[in-house]
Amino acid sequence: MVSTLTSHEGSQEPAPITPGGTYSIQTVTVGCKIYIRRPTPDGGEEERLAEILSIRDKPVNSYAAAAAAAAGRRATRGSIKEEEPEPKLEDKWEYFVHWDQFNKRLDEWVTGSRLVISRDLEWPRPKPPPGKKAGPGAQKAPGKVPRSQSLLKKATANAAAAASPTPASTPGPGTGRAGYTSPSPAPSLKRKTLHEEQEEEEEEEPEDEDLDAEGEMDIDAEGEAESDTFELSVNGTPPEPPEPVSAFSKEQEIEKLRTSGSMTQSISEIARVKNLNRLQIGKHEVDAWYFSPYPREYAHLPVLYICEFCLSYFPSSMMLSRHRRRCTMLHPPGNEIYRHEDISFFELDGKRQLTWCRNLSLLSKCFLDHKTLYYDVTPFMYYVMTLRDSTGCHIVGYFSKEKESAENYNVACILTLPQHQRHGYGKFIIEFSYELSKKEGKLGSPEKPLSDLGLLSYRAYWAEVIVELLLNATDELSVDDIAQKTSITHADVMNTSWDLMPSNLDARRYNCSDIGKVNT
C-alpha cells in the first residue's frame with residue numbers, strides 16, 4: 001500500500017508514502033526519508049525524520065577484531081567452542097543520514113536497529129519525464145549556457161588545445177590551476193570561488209533524463225574520486241556572470257546557515273559522505289564533521305588517533321603510543337613569533353614544512369566543508385596558535401594566507417578546533433591576522449565565501465572593532481579613516497556600518513556562539 005504526499009518544494013510530482021508496518025528494513029533505499037531514533041542531550045530518545053544518503057555493510061575494525069579473536073581463544077581454551085548466532089539484518093547494515101532541520105555537520109552513520117519501520121516511509125520524488133523540468137514554469141536561468149552548447153564549446157577548445165605547440169597548458173592528472181605542475185601529491189586547503197562553483201554546477205546539471213543517468217554521482221564511493229581530481233582549470237570561454245541575487249532577510253540567512261552548514265552550492269561537495277567517525281587529538285576526542293581525504297584504509301575506523309604535535313595519524317592507540325615514544329616534537333615546527341603567558345603563535349612556511357602542513361590540511365578538512373584540497377602547500381604561510389603547558393604546546397587553531405595574494409586577502413583558511421571553541425580563541429586568531437596586516441601596511445579581508453561559523457565570527461569582530469573606534473574617537477571618522485586604522489577593507493567597513501544602523505540593528509545582530517538565534 002502506497003499513498004502520496006503533496007510536494008512542498010515547488011514540484012508537481014507527489015512524494016510516494018509507504019505506511020508504517022507494511023515494509024521491512026530491506027525496503028529502505030538511498031533517498032528515502034524515515035524516522036530514526038536519536039539520543040537527546042538530556043539522556044532521552046526521540047524519533048526524528050532523516051534522509052538516507054548512503055548504505056553500507058557494517059565495517060569491521062581489523063585491529064579490534066584481532067584483539068577480540070585473541071581474547072576469545074584464551075577464553076575458550078580447553079572448553080567447547082559455541083557457534084556464534086547469525087547477526088540480524090538490522091545489525092549488518094549502517095545508514096548515513098541527514099537529520100531533517102538539523103545542521104549538515106550533524107550527519108552521521110546509524111545502525112539499522114535505530115530505524116523506526118513502524119512509521120511512514122517517504123520515497124524520493126519521481127523524476128520528471130525526459131525533456132520536462134520539475135516545478136511550475138521552470139525555465140533555464142538567464143545567462144546559463146545549454147549543456148549541448150557547453151559540450152560543443154569544450155570539444156572545440158580541447159581540439160584547439162591539442163593542436164597547440166605548448167602541451168603544458170592543457171591540464172592533466174599532475175597539473176593544477178593555470179597548468180602548474182605539482183611536485184608531489186600534497187593537499188592544501190583553498191576556497192572555491194563563486195565562479196568555479198557555478199562552472200561545476202553547469203557541468204553537473206543534466207538537461208534530460210538520459211544525461212542524468214550519466215551525471216549521477218555514486219555517493220557510496222565516499223568522495224574518493226573527488227579527492228583525487230581536486231580542482232582543475234576549465235578550458236574555453238567562461239560563462240557570462242549570473243544576475244545579482246535578490247536580497248533576503250537576515251532571519252532567512254541565519255536559518256540557511258543553521259540548516260545547511262555550508263556556503264558551497266556545488267553538488268559534488270555537498271553529497272560527499274563523511275568517512276571518519278571520531279578523532280582523538282591528545283586528551284580530547286571529537287566527532288568529525290565532514291569528509292576529509294585521508295587514506296582509504298583509515299576510513300570508518302571507530303577512532304582515528306592523531307599525534308597532537310606532529311599531526312601524524314594512526315588507526316590504533318597502540319600504534320600512537322609507540323609513535324609518541326619516538327616522536328620528539330613538542331611544538332609546531334616553525335618560528336615562535338608571539339608569546340603571552342601560555343599562548344604562542346608559530347609561523348610556518350608551507351614550502352619548508354611540507355609534511356606538517358599537509359597533515360594540518362587533512363585535519364582541518366574534517367571541520368571545514370567549504371574548502372577545496374589542492375596538491376601544493378608551498379604558496380601558503382601558516383600561523384598556528386597553541387596553548388603551552390608542562391608537556392608541550394598544544395594546537396588550538398590556525399589561519400593560513402597566500403604569500404602573494406592578488407586580491408589582498410589576509411586569510412585563506414581559518415579554524416579553531418572544536419574542543420577549543422567557545423573560549424574566544426577564534427576572535428583572537430582573527431585579531432592576530434589583522435595585526436599582521438597592520439605590520440605589512442595593507443588592508444585585508446578573508447577569502448570568500450566564509451563558512452557559517454566564520455561569517456558570524458567575522459561580523460562580530462568587525463562590529464566590535466568599529467564601534468570601539470567610533471566611541472573613542474574625538475573627531476568624525478570617514479570610511480577610509482576607519483579602514484586605515486583597523487586594516488579592514490572599505491567594503492567590510494561599509495557593510496558592517498550598514499548592519500549597525502539603528503533601523504537594521506535588531507535584524508542584523510548575531511550571537512556567534514549559537515547559530516540560529518538573534519539577539520533582541
# chains A, B, ... in the order shown; residues from 1 in each chain; ligands from 1
>>> residues_around(residues="Met381 of chain A", least_positions_apart="4", cutoff="8 Å", atoms="only C-alpha atoms", output="list in words")
Glu347, Leu348, Asp349, Gly350, Ser400, Lys401, Glu402 and Lys403 of chain A
>>> write_last_selection(atoms="C-alpha atoms", output="JSON list (two decimals), in the first residue's frame")
[["chain", "number", "residue", "atom", "x", "y", "z"],
["A", 347, "GLU", "CA", 54.83, 30.90, 11.79],
["A", 348, "LEU", "CA", 55.34, 28.06, 9.30],
["A", 349, "ASP", "CA", 56.33, 28.17, 5.64],
["A", 350, "GLY", "CA", 54.44, 25.58, 3.60],
["A", 400, "SER", "CA", 46.77, 30.40, 6.54],
["A", 401, "LYS", "CA", 47.40, 33.08, 3.96],
["A", 402, "GLU", "CA", 48.84, 33.19, 0.48],
["A", 403, "LYS", "CA", 52.34, 34.57, 0.21]]
>>> residues_around(residues="segment 366-368 of chain A", least_positions_apart="6", cutoff="9 Å", atoms="only C-alpha atoms", output="list in words")
Arg105, Ser262, Lys274, Leu276, Asp287, Ala288, Trp289, Tyr290, Phe291, Ser292, Pro293, Leu415, Leu417, Pro418 and Ser451 of chain A
>>> write_last_selection(atoms="all heavy atoms", output="tab-separated table (two decimals), in the first residue's frame")
chain	number	residue	atom	x	y	z
A	105	ARG	N	26.55	19.35	9.60
A	105	ARG	CA	27.67	18.77	10.33
A	105	ARG	C	27.24	17.68	11.31
A	105	ARG	O	28.07	16.95	11.84
A	105	ARG	CB	28.46	19.85	11.06
A	105	ARG	CG	27.72	20.56	12.16
A	105	ARG	CD	28.67	21.46	12.94
A	105	ARG	NE	29.28	22.43	12.09
A	105	ARG	CZ	28.84	23.67	11.89
A	105	ARG	NH1	27.74	24.07	12.50
A	105	ARG	NH2	29.47	24.51	11.11
A	262	SER	N	26.89	24.92	5.24
A	262	SER	CA	27.88	25.04	4.17
A	262	SER	C	27.47	26.19	3.26
A	262	SER	O	26.31	26.36	2.95
A	262	SER	CB	27.96	23.75	3.36
A	262	SER	OG	28.78	23.92	2.24
A	274	LYS	N	30.58	11.49	4.86
A	274	LYS	CA	31.63	11.58	5.88
A	274	LYS	C	32.30	10.22	6.05
A	274	LYS	O	31.64	9.20	6.23
A	274	LYS	CB	31.02	12.05	7.19
A	274	LYS	CG	32.02	12.27	8.30
A	274	LYS	CD	31.39	12.97	9.49
A	274	LYS	CE	30.32	12.13	10.13
A	274	LYS	NZ	29.78	12.76	11.35
A	276	LEU	N	35.01	9.62	8.28
A	276	LEU	CA	35.63	9.43	9.59
A	276	LEU	C	34.57	9.59	10.67
A	276	LEU	O	33.66	10.41	10.54
A	276	LEU	CB	36.76	10.44	9.82
A	276	LEU	CG	37.95	10.37	8.85
A	276	LEU	CD1	38.91	11.51	9.13
A	276	LEU	CD2	38.67	9.04	8.97
A	287	ASP	N	34.09	14.50	17.38
A	287	ASP	CA	33.44	13.95	16.19
A	287	ASP	C	33.93	14.70	14.96
A	287	ASP	O	34.09	15.93	14.98
A	287	ASP	CB	31.93	14.10	16.29
A	287	ASP	CG	31.33	13.17	17.32
A	287	ASP	OD1	31.76	12.01	17.40
A	287	ASP	OD2	30.41	13.60	18.06
A	288	ALA	N	34.17	13.96	13.89
A	288	ALA	CA	34.45	14.60	12.60
A	288	ALA	C	33.15	15.15	12.03
A	288	ALA	O	32.09	14.53	12.18
A	288	ALA	CB	35.08	13.61	11.63
A	289	TRP	N	33.23	16.31	11.38
A	289	TRP	CA	32.03	16.95	10.85
A	289	TRP	C	31.80	16.63	9.38
A	289	TRP	O	30.68	16.43	8.96
A	289	TRP	CB	32.13	18.47	11.02
A	289	TRP	CG	32.08	18.94	12.43
A	289	TRP	CD1	31.85	18.16	13.54
A	289	TRP	CD2	32.25	20.27	12.91
A	289	TRP	NE1	31.88	18.92	14.67
A	289	TRP	CE2	32.12	20.23	14.32
A	289	TRP	CE3	32.52	21.49	12.30
A	289	TRP	CZ2	32.24	21.37	15.10
A	289	TRP	CZ3	32.63	22.63	13.08
A	289	TRP	CH2	32.49	22.57	14.48
A	290	TYR	N	32.88	16.61	8.60
A	290	TYR	CA	32.75	16.49	7.15
A	290	TYR	C	33.77	15.49	6.60
A	290	TYR	O	34.62	14.97	7.31
A	290	TYR	CB	32.95	17.86	6.48
A	290	TYR	CG	32.07	18.95	7.02
A	290	TYR	CD1	32.59	20.03	7.71
A	290	TYR	CD2	30.69	18.90	6.84
A	290	TYR	CE1	31.78	21.04	8.21
A	290	TYR	CE2	29.86	19.88	7.35
A	290	TYR	CZ	30.40	20.96	8.02
A	290	TYR	OH	29.59	21.93	8.51
A	291	PHE	N	33.65	15.27	5.30
A	291	PHE	CA	34.58	14.38	4.59
A	291	PHE	C	35.98	14.98	4.55
A	291	PHE	O	36.16	16.18	4.36
A	291	PHE	CB	34.06	14.17	3.16
A	291	PHE	CG	35.04	13.46	2.27
A	291	PHE	CD1	35.09	12.08	2.23
A	291	PHE	CD2	35.90	14.19	1.46
A	291	PHE	CE1	36.00	11.45	1.40
A	291	PHE	CE2	36.80	13.56	0.63
A	291	PHE	CZ	36.85	12.18	0.60
A	292	SER	N	36.98	14.13	4.73
A	292	SER	CA	38.38	14.53	4.56
A	292	SER	C	39.12	13.39	3.88
A	292	SER	O	38.96	12.23	4.28
A	292	SER	CB	39.02	14.83	5.92
A	292	SER	OG	40.37	15.25	5.75
A	293	PRO	N	39.91	13.67	2.85
A	293	PRO	CA	40.51	12.60	2.04
A	293	PRO	C	41.72	11.93	2.70
A	293	PRO	O	42.81	11.88	2.14
A	293	PRO	CB	40.92	13.32	0.75
A	293	PRO	CG	41.19	14.72	1.17
A	293	PRO	CD	40.21	15.01	2.28
A	415	LEU	N	40.58	28.37	11.28
A	415	LEU	CA	39.89	27.30	12.00
A	415	LEU	C	40.29	27.32	13.47
A	415	LEU	O	41.48	27.48	13.80
A	415	LEU	CB	40.23	25.93	11.40
A	415	LEU	CG	39.74	24.70	12.19
A	415	LEU	CD1	38.23	24.57	12.09
A	415	LEU	CD2	40.42	23.42	11.70
A	417	LEU	N	39.86	24.53	16.46
A	417	LEU	CA	39.46	23.14	16.64
A	417	LEU	C	38.25	23.07	17.57
A	417	LEU	O	38.11	23.86	18.50
A	417	LEU	CB	40.62	22.34	17.22
A	417	LEU	CG	41.83	22.15	16.29
A	417	LEU	CD1	42.94	21.39	17.00
A	417	LEU	CD2	41.43	21.42	15.01
A	418	PRO	N	37.34	22.12	17.33
A	418	PRO	CA	36.08	22.08	18.09
A	418	PRO	C	36.26	22.02	19.60
A	418	PRO	O	35.48	22.62	20.34
A	418	PRO	CB	35.40	20.81	17.56
A	418	PRO	CG	35.96	20.61	16.19
A	418	PRO	CD	37.37	21.09	16.27
A	451	SER	N	32.62	30.22	5.88
A	451	SER	CA	31.74	29.21	6.45
A	451	SER	C	30.71	29.88	7.35
A	451	SER	O	30.76	31.08	7.61
A	451	SER	CB	32.56	28.18	7.24
A	451	SER	OG	33.16	28.80	8.37
>>> atom_distance(atom1="atom CA of Ser437 of chain A", atom2="atom CA of Glu407 of chain A")
13.5 Å
>>> residues_around(residues="Ser487 of chain A", least_positions_apart="5", cutoff="12 Å", atoms="only C-alpha atoms", output="ChimeraX atom specification")
/A:408-410,430-446,462,465-466,479-482,492-493
>>> write_last_selection(atoms="C-alpha atoms", output="PDB file, in the first residue's frame")
ATOM      1  CA  ASN A 408      44.837  41.294  -0.903  1.00  0.00           C
ATOM      2  CA  TYR A 409      43.296  38.518   1.171  1.00  0.00           C
ATOM      3  CA  ASN A 410      44.873  38.291   4.607  1.00  0.00           C
ATOM      4  CA  ILE A 430      41.084  36.939  13.626  1.00  0.00           C
ATOM      5  CA  GLU A 431      42.590  39.864  15.522  1.00  0.00           C
ATOM      6  CA  PHE A 432      46.086  38.446  15.047  1.00  0.00           C
ATOM      7  CA  SER A 433      45.560  38.224  11.270  1.00  0.00           C
ATOM      8  CA  TYR A 434      44.665  41.934  11.164  1.00  0.00           C
ATOM      9  CA  GLU A 435      47.677  42.828  13.318  1.00  0.00           C
ATOM     10  CA  LEU A 436      49.860  41.190  10.674  1.00  0.00           C
ATOM     11  CA  SER A 437      48.095  43.270   8.018  1.00  0.00           C
ATOM     12  CA  LYS A 438      48.865  46.411  10.030  1.00  0.00           C
ATOM     13  CA  LYS A 439      52.546  45.412  10.169  1.00  0.00           C
ATOM     14  CA  GLU A 440      52.508  44.976   6.382  1.00  0.00           C
ATOM     15  CA  GLY A 441      50.717  48.309   5.904  1.00  0.00           C
ATOM     16  CA  LYS A 442      47.890  46.706   3.917  1.00  0.00           C
ATOM     17  CA  LEU A 443      44.137  46.360   4.110  1.00  0.00           C
ATOM     18  CA  GLY A 444      42.970  42.780   4.396  1.00  0.00           C
ATOM     19  CA  SER A 445      39.870  40.635   4.191  1.00  0.00           C
ATOM     20  CA  PRO A 446      39.259  36.878   4.430  1.00  0.00           C
ATOM     21  CA  TRP A 462      34.206  43.890  12.654  1.00  0.00           C
ATOM     22  CA  VAL A 465      36.277  46.951  16.466  1.00  0.00           C
ATOM     23  CA  ILE A 466      34.396  49.661  14.547  1.00  0.00           C
ATOM     24  CA  VAL A 479      35.222  55.088   5.952  1.00  0.00           C
ATOM     25  CA  ASP A 480      38.803  55.480   4.766  1.00  0.00           C
ATOM     26  CA  ASP A 481      39.932  56.608   8.243  1.00  0.00           C
ATOM     27  CA  ILE A 482      38.374  53.525   9.819  1.00  0.00           C
ATOM     28  CA  ASP A 492      33.786  45.276   5.030  1.00  0.00           C
ATOM     29  CA  VAL A 493      33.642  48.610   6.885  1.00  0.00           C
TER      30      VAL A 493
END
>>> closest_residue(among="A:Ser312, A:Gln421, A:Ser54, A:Ser321", to="Val28 of chain A", atoms="only C-alpha atoms")
A:Ser54
>>> select_by_dssp(residues="segment 304-395 of chain A", states="alpha helix (DSSP H)", output="NGL selection string")
:A and (317-326 or 354-365)
>>> atom_distance(atom1="atom CA of Ile281 of chain A", atom2="atom CA of Leu311 of chain A")
8.5 Å
>>> atom_distance(atom1="atom CA of Thr40 of chain A", atom2="atom CA of His420 of chain A")
22.9 Å
>>> closest_residue(among="A:Trp93, A:Tyr313, A:Tyr461, A:Tyr383", to="Gln26 of chain A", atoms="only C-alpha atoms")
A:Trp93
>>> closest_residue(among="A:Glu404, A:Gly282, A:His300, A:Leu354", to="Arg324 of chain A", atoms="only C-alpha atoms")
A:Gly282
